[in-house]
Amino acid sequence: MTDHEKLDHGFGPFIPEHPKYLFLGTFPSVKSREQQFYYGHPQNIFWRLLADIFQDDRPESLAQKKAFLAKHGVAVYDVIESCEIIGSSDSSIRNIVPTDIESLVQAHGIERIIVNGRLAEKIFHQYHPKLKAYYVPSSSPANAAMTYDTKLKQWTKAVLGEDHD
């Protein structure tokens, strides 16, 4: 696939009853769009990282993933509501329509926003300069240069706070 496709997000945010955290990626990958849920690529370590941080079993099925997120107060969405993209390539993203993060945070009383990857961080700060977010290195298989343990330490600090070294 070499042409940009204009796509809408497709499946909206996952917000449990009492969310504490909001994790924001850039835009759903092809695999996630196929599954109509977040972090669907089997090599994406999002679920493994959260399972290790919360010291819980790693969810496998869609029902387990939703139950896991609800149990730990984790909402998930993306900073981009629609864009033009080639496949799953973040570097190809153009003509962004941003997500209204402020409304989500206010409506649900979210305490901590975490942006997954540098592009999500950049877009978040570009469109939401008044909100605070914690950066974590991307859980994508495209970000293989950093070790799992290094990512886990940075994710744990962002999620649980500075006192969890």
# chains A, B, ... in the order shown; residues from 1 in each chain; ligands from 1
>>> select_by_dssp(residues="chain A", states="strand (DSSP E)", output="ChimeraX atom specification")
/A:5-8,21-25,74-78,80-85,94-98,112-116,134-136
>>> closest_atom_pairs(of="range 30-85 of chain A", to="range 146-157 of chain A", cutoff="12 Å", atoms="only C-alpha atoms", output="JSON lines")
{"residue": "A:Asn44", "atom": "CA", "partner": "A:Tyr148", "partner_atom": "CA", "distance": 11.4}
{"residue": "A:Ile45", "atom": "CA", "partner": "A:Tyr148", "partner_atom": "CA", "distance": 8.6}
{"residue": "A:Phe46", "atom": "CA", "partner": "A:Trp155", "partner_atom": "CA", "distance": 9.9}
{"residue": "A:Trp47", "atom": "CA", "partner": "A:Leu152", "partner_atom": "CA", "distance": 11.5}
{"residue": "A:Arg48", "atom": "CA", "partner": "A:Leu152", "partner_atom": "CA", "distance": 9.4}
{"residue": "A:Leu49", "atom": "CA", "partner": "A:Leu152", "partner_atom": "CA", "distance": 6.1}
{"residue": "A:Leu50", "atom": "CA", "partner": "A:Trp155", "partner_atom": "CA", "distance": 8.4}
{"residue": "A:Ala51", "atom": "CA", "partner": "A:Leu152", "partner_atom": "CA", "distance": 10.4}
{"residue": "A:Asp52", "atom": "CA", "partner": "A:Leu152", "partner_atom": "CA", "distance": 7.9}
{"residue": "A:Ile53", "atom": "CA", "partner": "A:Thr156", "partner_atom": "CA", "distance": 5.9}
{"residue": "A:Phe54", "atom": "CA", "partner": "A:Thr156", "partner_atom": "CA", "distance": 9.0}
{"residue": "A:Gln55", "atom": "CA", "partner": "A:Thr156", "partner_atom": "CA", "distance": 11.1}
>>> write_last_selection(atoms="C-alpha atoms", output="mmCIF file, in the first residue's frame")
data_model
loop_
_atom_site.group_PDB
_atom_site.id
_atom_site.type_symbol
_atom_site.label_atom_id
_atom_site.label_comp_id
_atom_site.auth_asym_id
_atom_site.auth_seq_id
_atom_site.Cartn_x
_atom_site.Cartn_y
_atom_site.Cartn_z
ATOM 1 C CA ASN A 44 3.130 -4.596 20.664
ATOM 2 C CA ILE A 45 4.150 -4.837 24.333
ATOM 3 C CA PHE A 46 1.453 -2.510 25.720
ATOM 4 C CA TRP A 47 -0.418 -5.346 27.485
ATOM 5 C CA ARG A 48 2.766 -6.958 28.819
ATOM 6 C CA LEU A 49 3.973 -3.632 30.256
ATOM 7 C CA LEU A 50 0.675 -2.894 31.996
ATOM 8 C CA ALA A 51 0.441 -6.443 33.359
ATOM 9 C CA ASP A 52 3.929 -6.085 34.851
ATOM 10 C CA ILE A 53 3.231 -2.603 36.264
ATOM 11 C CA PHE A 54 -0.027 -3.677 37.906
ATOM 12 C CA GLN A 55 1.357 -7.114 38.826
#
>>> residues_around(residues="Lys71 in chain A", least_positions_apart="3", cutoff="12 Å", atoms="only C-alpha atoms", output="list of chain:residue names")
A:Ile15, A:Pro16, A:Glu17, A:His18, A:Pro19, A:Lys20, A:Tyr21, A:Leu50, A:Ala51, A:Phe54, A:Asp56, A:Asp57, A:Pro59, A:Gln64, A:Lys65, A:Lys66, A:Ala67, A:Phe68, A:Val74, A:Ala75
>>> residues_around(residues="range 141-145 of chain A", least_positions_apart="5", cutoff="12 Å", atoms="only C-alpha atoms", output="ChimeraX atom specification")
/A:29,39-46,88-91,116-118,136,150-151
>>> atom_distance(atom1="CA of Gln126 in chain A", atom2="CA of Tyr38 in chain A")
22.8 Å
>>> residues_around(residues="Ile85 in chain A", least_positions_apart="5", cutoff="8 Å", atoms="only C-alpha atoms", output="list in words")
His4, Glu5, Lys6, Leu7, Asp90, Ser92, Ile93 and Arg94 of chain A
>>> write_last_selection(atoms="C-alpha atoms", output="PDB file, in the first residue's frame")
ATOM      1  CA  HIS A   4      -2.532   7.586   1.839  1.00  0.00           C
ATOM      2  CA  GLU A   5      -5.979   6.584   3.061  1.00  0.00           C
ATOM      3  CA  LYS A   6      -8.248   9.091   4.784  1.00  0.00           C
ATOM      4  CA  LEU A   7      -9.477   7.284   7.892  1.00  0.00           C
ATOM      5  CA  ASP A  90       3.063   6.926  12.021  1.00  0.00           C
ATOM      6  CA  SER A  92       3.133   8.830   6.991  1.00  0.00           C
ATOM      7  CA  ILE A  93       0.406  10.571   9.024  1.00  0.00           C
ATOM      8  CA  ARG A  94      -0.808  13.863   7.611  1.00  0.00           C
TER       9      ARG A  94
END
>>> select_by_dssp(residues="chain A", states="helix (DSSP H, G or I)", output="number ranges by chain")
A: 30-35, 46-53, 62-71, 90-92, 101-108, 118-127, 148-160
